[in-house]
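Content type PDB, C-alpha atoms and all ligand atoms, from the file structure_24.pdb:
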ATOM      1  CA  MET A   1      -3.687 -16.930  -7.938
ATOM      2  CA  ILE A   2      -2.228 -13.560  -6.926
ATOM      3  CA  VAL A   3      -4.587 -10.558  -7.055
ATOM      4  CA  GLY A   4      -3.066  -7.093  -6.609
ATOM      5  CA  LEU A   5      -4.973  -4.466  -4.613
ATOM      6  CA  THR A   6      -3.785  -0.912  -4.992
ATOM      7  CA  GLY A   7      -4.823   2.734  -4.998
ATOM      8  CA  GLY A   8      -3.284   6.051  -4.043
ATOM      9  CA  ILE A   9      -2.774   7.187  -0.475
ATOM     10  CA  GLY A  10      -6.104   7.503   1.355
ATOM     11  CA  SER A  11      -8.127   5.776  -1.383
ATOM     12  CA  GLY A  12      -9.381   3.137   1.050
ATOM     13  CA  LYS A  13      -7.287   0.057   0.157
ATOM     14  CA  THR A  14      -6.950  -0.991   3.779
ATOM     15  CA  THR A  15     -10.694  -0.663   4.287
ATOM     16  CA  VAL A  16     -11.348  -2.771   1.162
ATOM     17  CA  ALA A  17      -8.696  -5.324   2.194
ATOM     18  CA  GLN A  18     -10.488  -5.764   5.531
ATOM     19  CA  ILE A  19     -13.694  -6.704   3.683
ATOM     20  CA  PHE A  20     -11.808  -9.345   1.644
ATOM     21  CA  GLN A  21     -10.336 -10.673   4.903
ATOM     22  CA  GLN A  22     -13.842 -11.068   6.301
ATOM     23  CA  LEU A  23     -14.600 -13.225   3.249
ATOM     24  CA  LYS A  24     -11.651 -15.417   4.379
ATOM     25  CA  VAL A  25      -9.379 -14.259   1.554
ATOM     26  CA  PRO A  26      -5.740 -14.159   2.778
ATOM     27  CA  VAL A  27      -4.276 -10.646   2.459
ATOM     28  CA  PHE A  28      -0.603  -9.663   2.421
ATOM     29  CA  VAL A  29      -0.186  -5.991   3.364
ATOM     30  CA  ALA A  30       3.068  -4.488   2.035
ATOM     31  CA  ASP A  31       2.908  -1.443   4.378
ATOM     32  CA  GLU A  32       2.698  -3.746   7.416
ATOM     33  CA  GLU A  33       5.600  -5.917   6.290
ATOM     34  CA  SER A  34       7.635  -2.805   5.586
ATOM     35  CA  LYS A  35       6.905  -1.548   9.135
ATOM     36  CA  ARG A  36       7.873  -4.915  10.608
ATOM     37  CA  LEU A  37      11.202  -4.826   8.745
ATOM     38  CA  LEU A  38      11.914  -1.263   9.905
ATOM     39  CA  ASP A  39      11.321  -2.346  13.504
ATOM     40  CA  THR A  40      13.231  -5.630  13.416
ATOM     41  CA  ASP A  41      15.908  -5.723  10.691
ATOM     42  CA  ALA A  42      19.165  -4.405  12.179
ATOM     43  CA  ASP A  43      21.035  -4.348   8.827
ATOM     44  CA  LEU A  44      18.233  -2.363   7.220
ATOM     45  CA  GLN A  45      18.203   0.097  10.128
ATOM     46  CA  ALA A  46      21.981   0.519   9.932
ATOM     47  CA  GLN A  47      21.825   1.341   6.207
ATOM     48  CA  LEU A  48      19.016   3.845   6.790
ATOM     49  CA  VAL A  49      20.963   5.531   9.606
ATOM     50  CA  GLU A  50      23.881   5.892   7.221
ATOM     51  CA  TRP A  51      21.650   7.742   4.735
ATOM     52  CA  LEU A  52      19.365   9.631   7.128
ATOM     53  CA  GLY A  53      21.562  10.209  10.180
ATOM     54  CA  PRO A  54      21.320   9.043  13.811
ATOM     55  CA  GLU A  55      18.194  11.226  14.342
ATOM     56  CA  LEU A  56      16.327   8.433  12.532
ATOM     57  CA  ILE A  57      16.314   6.261  15.660
ATOM     58  CA  LYS A  58      14.252   7.417  18.649
ATOM     59  CA  GLU A  59      14.082   5.193  21.717
ATOM     60  CA  GLY A  60      15.471   2.264  19.725
ATOM     61  CA  ARG A  61      12.918   2.496  16.914
ATOM     62  CA  VAL A  62      12.754   4.129  13.502
ATOM     63  CA  ASP A  63      11.068   7.534  13.766
ATOM     64  CA  ARG A  64       8.587   7.151  10.908
ATOM     65  CA  ALA A  65       7.499  10.799  10.840
ATOM     66  CA  TYR A  66      11.134  11.908  10.568
ATOM     67  CA  MET A  67      11.789   9.352   7.816
ATOM     68  CA  ALA A  68       8.704  10.520   5.883
ATOM     69  CA  SER A  69       9.741  14.184   6.256
ATOM     70  CA  ARG A  70      13.091  13.350   4.635
ATOM     71  CA  ILE A  71      12.348  10.802   1.906
ATOM     72  CA  PHE A  72       9.232  12.251   0.271
ATOM     73  CA  LYS A  73      10.982  15.501  -0.612
ATOM     74  CA  ASP A  74      14.192  13.946  -1.914
ATOM     75  CA  GLU A  75      13.844  11.924  -5.116
ATOM     76  CA  ASP A  76      17.290  10.276  -4.909
ATOM     77  CA  LEU A  77      16.884   9.291  -1.278
ATOM     78  CA  LEU A  78      13.418   7.857  -1.935
ATOM     79  CA  LYS A  79      14.787   5.772  -4.827
ATOM     80  CA  LYS A  80      17.543   4.363  -2.614
ATOM     81  CA  VAL A  81      15.130   3.607   0.246
ATOM     82  CA  ASN A  82      12.680   1.934  -2.149
ATOM     83  CA  ALA A  83      15.482  -0.166  -3.659
ATOM     84  CA  LEU A  84      16.455  -1.290  -0.160
ATOM     85  CA  ILE A  85      13.006  -2.034   1.262
ATOM     86  CA  HIS A  86      11.001  -3.336  -1.716
ATOM     87  CA  PRO A  87      13.116  -6.450  -2.454
ATOM     88  CA  ALA A  88      12.964  -7.366   1.247
ATOM     89  CA  VAL A  89       9.174  -7.002   1.214
ATOM     90  CA  GLY A  90       9.095  -9.098  -1.993
ATOM     91  CA  ARG A  91      11.023 -11.916  -0.311
ATOM     92  CA  ALA A  92       8.674 -11.842   2.675
ATOM     93  CA  PHE A  93       5.728 -12.054   0.276
ATOM     94  CA  GLN A  94       7.147 -15.144  -1.460
ATOM     95  CA  THR A  95       7.685 -16.928   1.877
ATOM     96  CA  TRP A  96       4.127 -16.070   2.911
ATOM     97  CA  TYR A  97       2.637 -17.024  -0.476
ATOM     98  CA  GLN A  98       4.185 -20.520  -0.441
ATOM     99  CA  LYS A  99       2.080 -21.317   2.621
ATOM    100  CA  GLN A 100      -1.269 -20.171   1.197
ATOM    101  CA  GLU A 101      -3.903 -22.624   0.020
ATOM    102  CA  ALA A 102      -6.884 -20.385  -0.757
ATOM    103  CA  PRO A 103      -8.188 -20.168  -4.382
ATOM    104  CA  TYR A 104      -6.753 -16.671  -4.548
ATOM    105  CA  ILE A 105      -4.887 -14.269  -2.292
ATOM    106  CA  ILE A 106      -4.701 -10.464  -2.209
ATOM    107  CA  ARG A 107      -1.404  -8.570  -2.311
ATOM    108  CA  GLU A 108      -2.125  -5.042  -1.083
ATOM    109  CA  ALA A 109       0.353  -2.270  -1.911
ATOM    110  CA  ALA A 110      -0.031   1.478  -2.443
ATOM    111  CA  ILE A 111       2.755   1.434  -5.006
ATOM    112  CA  LEU A 112       2.006  -1.878  -6.750
ATOM    113  CA  PHE A 113       2.499  -0.354 -10.228
ATOM    114  CA  GLU A 114       5.280   2.050  -9.254
ATOM    115  CA  SER A 115       7.338  -0.847  -7.843
ATOM    116  CA  GLY A 116       6.649  -3.174 -10.803
ATOM    117  CA  THR A 117       4.951  -5.727  -8.520
ATOM    118  CA  HIS A 118       1.803  -5.696 -10.692
ATOM    119  CA  LYS A 119       3.648  -7.965 -13.147
ATOM    120  CA  ASP A 120       3.294 -10.864 -10.685
ATOM    121  CA  CYS A 121      -0.482 -10.413 -10.382
ATOM    122  CA  ALA A 122      -3.057 -12.348 -12.417
ATOM    123  CA  LYS A 123      -5.670  -9.637 -11.778
ATOM    124  CA  ILE A 124      -5.519  -6.104 -10.386
ATOM    125  CA  ILE A 125      -8.058  -4.194  -8.320
ATOM    126  CA  VAL A 126      -7.710  -0.403  -8.069
ATOM    127  CA  VAL A 127      -9.503   1.526  -5.325
ATOM    128  CA  SER A 128     -10.366   5.048  -6.433
ATOM    129  CA  ALA A 129     -11.625   8.168  -4.708
ATOM    130  CA  PRO A 130     -11.439  11.877  -5.581
ATOM    131  CA  GLU A 131      -8.096  13.440  -4.679
ATOM    132  CA  GLU A 132      -9.606  16.034  -2.337
ATOM    133  CA  LEU A 133     -11.445  13.328  -0.361
ATOM    134  CA  ARG A 134      -8.239  11.254  -0.139
ATOM    135  CA  LEU A 135      -6.349  14.292   1.086
ATOM    136  CA  GLN A 136      -8.928  15.037   3.797
ATOM    137  CA  ARG A 137      -9.046  11.381   4.933
ATOM    138  CA  VAL A 138      -5.278  11.187   5.355
ATOM    139  CA  ILE A 139      -4.994  14.558   7.125
ATOM    140  CA  LYS A 140      -7.681  13.406   9.566
ATOM    141  CA  ARG A 141      -6.029  10.019  10.111
ATOM    142  CA  SER A 142      -2.386  11.081  10.388
ATOM    143  CA  GLY A 143      -2.417  14.715  11.488
ATOM    144  CA  GLU A 144       0.023  15.531   8.664
ATOM    145  CA  SER A 145      -0.244  18.876   6.865
ATOM    146  CA  PRO A 146      -1.829  19.070   3.376
ATOM    147  CA  GLU A 147       1.645  19.793   1.969
ATOM    148  CA  GLN A 148       3.108  16.641   3.547
ATOM    149  CA  VAL A 149       0.327  14.449   2.170
ATOM    150  CA  LYS A 150       0.612  16.076  -1.265
ATOM    151  CA  ALA A 151       4.362  15.359  -1.253
ATOM    152  CA  ARG A 152       3.588  11.626  -0.899
ATOM    153  CA  MET A 153       0.864  11.802  -3.545
ATOM    154  CA  ALA A 154       3.379  13.382  -5.927
ATOM    155  CA  LYS A 155       5.545  10.256  -5.623
ATOM    156  CA  GLN A 156       2.686   8.006  -6.731
ATOM    157  CA  TRP A 157       1.170   7.453 -10.171
ATOM    158  CA  PRO A 158      -1.946   9.501 -10.938
ATOM    159  CA  GLN A 159      -5.187   7.637 -10.276
ATOM    160  CA  GLU A 160      -6.232   7.645 -13.967
ATOM    161  CA  LYS A 161      -3.052   5.827 -14.982
ATOM    162  CA  LYS A 162      -3.770   3.100 -12.436
ATOM    163  CA  GLU A 163      -7.427   2.844 -13.446
ATOM    164  CA  ALA A 164      -6.393   2.339 -17.079
ATOM    165  CA  LEU A 165      -4.473  -0.828 -16.095
ATOM    166  CA  ALA A 166      -7.070  -2.191 -13.664
ATOM    167  CA  ASP A 167      -9.147  -5.326 -14.151
ATOM    168  CA  TYR A 168     -11.560  -4.036 -11.506
ATOM    169  CA  ILE A 169     -12.128  -0.517 -10.139
ATOM    170  CA  ILE A 170     -13.716  -0.034  -6.714
ATOM    171  CA  HIS A 171     -15.212   3.430  -6.241
ATOM    172  CA  ASN A 172     -14.857   4.602  -2.644
ATOM    173  CA  ASP A 173     -16.419   8.044  -2.893
ATOM    174  CA  HIS A 174     -19.581   7.812  -0.772
ATOM    175  CA  GLN A 175     -21.614   7.389  -3.986
ATOM    176  CA  GLU A 176     -21.385   3.605  -4.108
ATOM    177  CA  MET A 177     -21.389   1.125  -1.226
ATOM    178  CA  LEU A 178     -18.132  -0.778  -0.792
ATOM    179  CA  ILE A 179     -19.385  -4.198   0.323
ATOM    180  CA  PRO A 180     -21.520  -5.017  -2.779
ATOM    181  CA  GLN A 181     -18.623  -3.995  -5.048
ATOM    182  CA  VAL A 182     -16.235  -6.289  -3.166
ATOM    183  CA  LEU A 183     -18.732  -9.188  -3.158
ATOM    184  CA  GLN A 184     -19.157  -9.023  -6.919
ATOM    185  CA  ILE A 185     -15.389  -9.023  -7.525
ATOM    186  CA  HIS A 186     -14.926 -11.879  -5.038
ATOM    187  CA  GLU A 187     -17.492 -14.027  -6.883
ATOM    188  CA  ASP A 188     -15.784 -13.297 -10.183
ATOM    189  CA  LEU A 189     -12.318 -14.113  -8.821
ATOM    190  CA  ILE A 190     -13.496 -17.387  -7.268
ATOM    191  CA  HIS A 191     -14.974 -18.329 -10.648
ATOM    192  CA  ILE A 192     -11.710 -17.476 -12.451
ATOM    193  CA  ALA A 193      -9.605 -19.326  -9.877
ATOM    194  CA  ASN A 194     -11.793 -22.426 -10.233
ATOM    195  CA  THR A 195     -12.233 -22.452 -14.010
ATOM    196  CA  GLY A 196      -9.138 -20.606 -15.248
ATOM    197  CA  ARG A 197     -11.279 -18.002 -17.069
TER     198      ARG A 197
HETATM  199  C1  LIG A 201       8.365   6.697   5.405
HETATM  200  C2  LIG A 201       7.558   5.769   6.292
HETATM  201  C3  LIG A 201       8.376   5.284   7.474
HETATM  202  C4  LIG A 201       6.350   6.561   6.816
HETATM  203  O1  LIG A 201       5.561   5.747   7.641
HETATM  204  P1  LIG A 201       3.993   6.081   7.869
HETATM  205  O2  LIG A 201       3.549   5.267   9.047
HETATM  206  O3  LIG A 201       3.795   7.565   7.918
HETATM  207  O4  LIG A 201       3.268   5.611   6.545
HETATM  208  P2  LIG A 201       2.888   4.124   6.012
HETATM  209  O5  LIG A 201       4.108   3.275   5.893
HETATM  210  O6  LIG A 201       1.733   3.582   6.781
HETATM  211  O7  LIG A 201       2.454   4.465   4.518
HETATM  212  C5  LIG A 201       1.259   5.197   4.283
HETATM  213  C6  LIG A 201       1.134   5.491   2.835
HETATM  214  O8  LIG A 201       2.208   6.353   2.381
HETATM  215  C7  LIG A 201       2.458   6.068   1.024
HETATM  216  N1  LIG A 201       3.876   5.613   0.842
HETATM  217  C8  LIG A 201       4.651   4.912   1.710
HETATM  218  N2  LIG A 201       5.856   4.627   1.150
HETATM  219  C9  LIG A 201       5.817   5.149  -0.095
HETATM  220  C10 LIG A 201       6.748   5.182  -1.167
HETATM  221  N3  LIG A 201       7.950   4.605  -1.049
HETATM  222  N4  LIG A 201       6.381   5.812  -2.322
HETATM  223  C11 LIG A 201       5.173   6.401  -2.448
HETATM  224  N5  LIG A 201       4.251   6.396  -1.463
HETATM  225  C12 LIG A 201       4.556   5.785  -0.312
HETATM  226  C13 LIG A 201       1.487   4.935   0.640
HETATM  227  O9  LIG A 201       0.301   5.450   0.117
HETATM  228  C14 LIG A 201       1.233   4.250   1.958
HETATM  229  O10 LIG A 201       0.074   3.473   1.964
HETATM  230  C15 LIG A 201       7.056   4.523   5.472
HETATM  231  O11 LIG A 201       6.039   4.895   4.599
HETATM  232  C16 LIG A 201       8.165   3.841   4.678
HETATM  233  O12 LIG A 201       9.008   3.200   5.253
HETATM  234  N6  LIG A 201       8.142   4.008   3.320
HETATM  235  C17 LIG A 201       9.180   3.477   2.474
HETATM  236  C18 LIG A 201       8.997   2.003   2.218
HETATM  237  C19 LIG A 201       7.813   1.711   1.341
HETATM  238  O13 LIG A 201       7.850   1.923   0.145
HETATM  239  N7  LIG A 201       6.724   1.202   1.947
HETATM  240  C20 LIG A 201       5.491   0.969   1.279
HETATM  241  C21 LIG A 201       5.358  -0.275   0.520
HETATM  242  S1  LIG A 201       6.496  -1.555   0.687
HETATM  243  N1  LIG A 202     -15.938   4.706   2.592
HETATM  244  C1  LIG A 202     -15.348   5.341   3.610
HETATM  245  N2  LIG A 202     -16.079   6.077   4.470
HETATM  246  C2  LIG A 202     -15.509   6.733   5.487
HETATM  247  N3  LIG A 202     -14.190   6.739   5.773
HETATM  248  C3  LIG A 202     -13.413   6.018   4.959
HETATM  249  C4  LIG A 202     -13.937   5.277   3.850
HETATM  250  N4  LIG A 202     -12.897   4.671   3.210
HETATM  251  C5  LIG A 202     -11.793   4.999   3.906
HETATM  252  N5  LIG A 202     -12.090   5.807   4.947
HETATM  253  C6  LIG A 202     -11.124   6.346   5.936
HETATM  254  O1  LIG A 202     -10.121   7.051   5.197
HETATM  255  C7  LIG A 202      -8.820   6.778   5.725
HETATM  256  C8  LIG A 202      -7.961   6.168   4.623
HETATM  257  O2  LIG A 202      -8.466   4.883   4.313
HETATM  258  P1  LIG A 202      -7.499   3.616   4.232
HETATM  259  O3  LIG A 202      -6.558   3.586   5.397
HETATM  260  O4  LIG A 202      -8.341   2.403   3.972
HETATM  261  O5  LIG A 202      -6.727   4.045   2.906
HETATM  262  P2  LIG A 202      -5.483   3.439   2.232
HETATM  263  O6  LIG A 202      -5.741   3.474   0.775
HETATM  264  O7  LIG A 202      -5.148   2.125   2.843
HETATM  265  O8  LIG A 202      -4.405   4.535   2.586
HETATM  266  P3  LIG A 202      -2.816   4.433   2.684
HETATM  267  O9  LIG A 202      -2.308   4.391   1.282
HETATM  268  O10 LIG A 202      -2.472   5.669   3.385
HETATM  269  O11 LIG A 202      -2.485   3.214   3.501
HETATM  270  C9  LIG A 202      -9.006   5.868   6.930
HETATM  271  O12 LIG A 202      -8.974   6.634   8.092
HETATM  272  C10 LIG A 202     -10.383   5.237   6.683
HETATM  273  O13 LIG A 202     -11.007   4.893   7.895
END
Would you give me this structure, written as structure tokens?
Amino acid sequence: MIVGLTGGIGSGKTTVAQIFQQLKVPVFVADEESKRLLDTDADLQAQLVEWLGPELIKEGRVDRAYMASRIFKDEDLLKKVNALIHPAVGRAFQTWYQKQEAPYIIREAAILFESGTHKDCAKIIVVSAPEELRLQRVIKRSGESPEQVKARMAKQWPQEKKEALADYIIHNDHQEMLIPQVLQIHEDLIHIANTGR
């Protein structure tokens, strides 16, 4: 059974995914696979250089900060990049998924809904946190400016739209503890995987 895990930038998906991993639930992380492809797929790199220019490659690797500075302010470019990378990530997921034997697995992606991937998921978990807190977390983690982080946020669905389609919502706002929320969802998912309801 495929369970989608999503939430806007800085909501805490990765933190939640790590708790599921500790419960021995296999987790596929779309951001990580996307990074691996950027570093290793020569055809993908060549196409990106064509669109973004030779400045994209620094010391043999994709300059991620440069790529972010270009794609999140250019709607057409972002669409093209998404259309190039997302199918490749989807293929990697299928290869990975074939090998899994756990009752359920987690597919983590920031843009699960935006990319249409939610359609492959039996259940969906959305991690939510107030926008200001998400903004501060990401600025602290990445050193990007508020404007840069807001540009990425603007390319993602609003949190309320995601919450409306969620089977489970995890609140990561310092009001509720994360681990008990994850444990309860895990128990429920194991039950569904074993009984079909
Ligand atoms: C532009 C890149 C190189 C910037 O790398 P960086 O290390 O700064 O960010 P990272 O990949 O860790 O992503 C951090 C967060 O940015 C947001 N984000 C990334 N890509 C996108 C996108 N295409 N649309 C909206 N938000 C995005 C997500 O919230 C994500 O969790 C990278 O994000 C990228 O290659 N994006 C395009 C491919 C993509 O969609 N990847 C994400 C899922 S497959
Ligand atoms: N409950 C929390 N308490 C304190 N810090 C937190 C909490 N949740 C997340 N953070 C921190 O906020 C930052 C963003 O969290 P995380 O990386 O899990 O978010 P994400 O949703 O995966 O973001 P992205 O979409 O950018 O990948 C991280 O630096 C993380 O350590």
Practice item. Pick out the closest residue to Leu178 of chain A from this set: A:Met1, A:Ala17, A:Leu52, A:Val138. Count all atoms listed in the file. Key: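 For Leu178 of chain A, the nearest of the candidates is A:Ala17.
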Using all atoms listed in the file, what table do you get, as CSV, when you list each residue of chain A with an atom no more than 6 Å from ligand LIG 201 (chain A), its nearest pair of atoms, and their distance in Å rounded to one decimal, rows by chain then rising number?
residue,atom,partner,partner_atom,distance
A:Gly8,CA,A:LIG201,O9,5.5
A:Ile9,CA,A:LIG201,O9,3.6
A:Ala30,CA,A:LIG201,S1,4.7
A:Asp31,CA,A:LIG201,C20,4.7
A:Ser34,CA,A:LIG201,S1,5.2
A:Arg64,CA,A:LIG201,C3,3.9
A:Ala65,CA,A:LIG201,O3,5.7
A:Met67,CA,A:LIG201,C1,5.0
A:Ala68,CA,A:LIG201,C1,3.9
A:Asn82,CA,A:LIG201,O13,5.3
A:Ile85,CA,A:LIG201,C18,5.8
A:His86,CA,A:LIG201,S1,5.4
A:Ala109,CA,A:LIG201,C21,5.9
A:Ala110,CA,A:LIG201,O9,4.7
A:Arg152,CA,A:LIG201,N5,5.3
A:Lys155,CA,A:LIG201,C11,5.0
A:Gln156,CA,A:LIG201,C11,5.2
Check your understanding: Selected by the PyMOL selection byres (((not hetatm)) within 6 of (chain A and resi 202)) in the shown coordinates: which residues, as a ChimeraX atom specification?
Key -> /A:7-15,110,137-138,141,172,174
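Here atom CA of Thr40 of chain A and atom CA of Ala88 of chain A stand 12.3 Å from one another.
Near Ile170 of chain A, within 9 Å and counting all atoms listed in the file, sit Val16, Ile125, Val126, Val127, Ser128, Ala129, Glu176, Leu178, Gln181 and Val182 of chain A, not including residues fewer than 3 positions from it in the same chain.
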Exercise for review: Find the residue from A:Glu75, A:Asp167, A:Glu32, A:Asp120 that sits nearest to Ala151 of chain A; use only C-alpha atoms when measuring.
Suggested key: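 Among the listed residues, A:Glu75 lies closest to Ala151 of chain A.
Across the structure, atom CA of Asp43 of chain A and atom CA of Leu78 of chain A are spaced 18.0 Å apart.
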Point to revise | Near-segment 21-29 of chain A list (12 Å; only C-alpha atoms; drop same-chain fewer than 6 positions) as a ChimeraX atom specification | key: /A:1-6,13-15,35-36,89-90,92-97,99-112,179,182-187,189-190
Practice item. For each of A:Ala166, A:Ile192, A:Leu135, A:Val62, take the minimum atom-to-atom distance to Phe113 of chain A, counting only C-alpha atoms, then give the residue where this is smallest. Key: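 For Phe113 of chain A, the nearest of the candidates is A:Ala166.
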Is it possible to get the axis-aligned box enclosing segment 95-101 of chain A (all listed atoms, 8 Å extra per side) as lines of an AutoDock Vina configuration file, with centre and edge lengths in Å rounded to one decimal?
center_x = 1.9
center_y = -19.3
center_z = 1.2
size_x = 27.6
size_y = 22.6
size_z = 19.4
Check your understanding: Do you have the atom CA of Gly53 of chain A-atom CA of Pro146 of chain A distance handy?
Key ->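 For atom CA of Gly53 of chain A relative to atom CA of Pro146 of chain A, the distance reads 25.9 Å.
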Exercise for review: Write out as number ranges by chain which residues come within 9 Å of Val81 of chain A when counting all atoms listed in the file, dropping same-chain ones fewer than 6 positions away.
Suggested key: A: 48, 51, 71
Exercise for review: Go through A:Ala193, A:Leu77, A:Ile139, A:Ala83 and flag the residue nearest Ala122 of chain A, using all atoms listed in the file for the distances.
Suggested key: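 For Ala122 of chain A, the nearest of the given residues is A:Ala193.
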**Study point:** Contact residues around Ala42 of chain A with only C-alpha atoms at 12 Å, ignoring same-chain residues under 4 positions, as a PyMOL selection string
**Key:** chain A and resi 36-38+46-49+57+60-62
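The residue that comes closest to Glu33 of chain A, out of A:Glu55, A:Tyr66, A:Pro87, A:Phe72 and on the basis of all atoms listed in the file, is A:Pro87.
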Using the atoms already present, construct N, CA and C atoms for segment 127-149 of chain A and hand them back as a compact mmCIF listing (two decimals), in the frame of the given file.
# COMPACT_ATOMS: atom_id res chain seq x y z
N VAL A 127 -8.52 0.78 -6.12
CA VAL A 127 -9.50 1.53 -5.32
C VAL A 127 -9.33 3.00 -5.65
N SER A 128 -10.44 3.65 -6.00
CA SER A 128 -10.37 5.05 -6.43
C SER A 128 -11.27 5.94 -5.60
N ALA A 129 -10.80 7.16 -5.39
CA ALA A 129 -11.62 8.17 -4.71
C ALA A 129 -11.08 9.53 -5.15
N PRO A 130 -11.92 10.56 -5.15
CA PRO A 130 -11.44 11.88 -5.58
C PRO A 130 -10.27 12.35 -4.73
N GLU A 131 -9.33 13.05 -5.37
CA GLU A 131 -8.10 13.44 -4.68
C GLU A 131 -8.36 14.26 -3.42
N GLU A 132 -9.33 15.16 -3.49
CA GLU A 132 -9.61 16.03 -2.34
C GLU A 132 -10.09 15.20 -1.14
N LEU A 133 -10.93 14.20 -1.43
CA LEU A 133 -11.44 13.33 -0.36
C LEU A 133 -10.30 12.51 0.24
N ARG A 134 -9.40 12.02 -0.63
CA ARG A 134 -8.24 11.25 -0.14
C ARG A 134 -7.37 12.12 0.76
N LEU A 135 -7.17 13.35 0.31
CA LEU A 135 -6.35 14.29 1.09
C LEU A 135 -6.96 14.51 2.48
N GLN A 136 -8.26 14.77 2.51
CA GLN A 136 -8.93 15.04 3.80
C GLN A 136 -8.88 13.81 4.71
N ARG A 137 -9.08 12.61 4.12
CA ARG A 137 -9.05 11.38 4.93
C ARG A 137 -7.68 11.20 5.60
N VAL A 138 -6.63 11.44 4.82
CA VAL A 138 -5.28 11.19 5.36
C VAL A 138 -4.91 12.25 6.39
N ILE A 139 -5.28 13.50 6.15
CA ILE A 139 -4.99 14.56 7.12
C ILE A 139 -5.67 14.20 8.46
N LYS A 140 -6.92 13.76 8.36
CA LYS A 140 -7.68 13.41 9.57
C LYS A 140 -7.04 12.22 10.29
N ARG A 141 -6.60 11.23 9.51
CA ARG A 141 -6.03 10.02 10.11
C ARG A 141 -4.65 10.25 10.71
N SER A 142 -3.80 11.02 9.99
CA SER A 142 -2.39 11.08 10.39
C SER A 142 -2.00 12.37 11.08
N GLY A 143 -2.79 13.42 10.91
CA GLY A 143 -2.42 14.72 11.49
C GLY A 143 -1.33 15.43 10.69
N GLU A 144 -0.98 14.87 9.51
CA GLU A 144 0.02 15.53 8.66
C GLU A 144 -0.60 16.76 8.00
N SER A 145 0.26 17.68 7.54
CA SER A 145 -0.24 18.88 6.86
C SER A 145 -0.63 18.52 5.43
N PRO A 146 -1.48 19.34 4.78
CA PRO A 146 -1.83 19.07 3.38
C PRO A 146 -0.58 18.97 2.50
N GLU A 147 0.42 19.80 2.79
CA GLU A 147 1.64 19.79 1.97
C GLU A 147 2.38 18.45 2.11
N GLN A 148 2.42 17.92 3.34
CA GLN A 148 3.11 16.64 3.55
C GLN A 148 2.40 15.51 2.79
N VAL A 149 1.07 15.51 2.85
CA VAL A 149 0.33 14.45 2.17
C VAL A 149 0.49 14.60 0.65
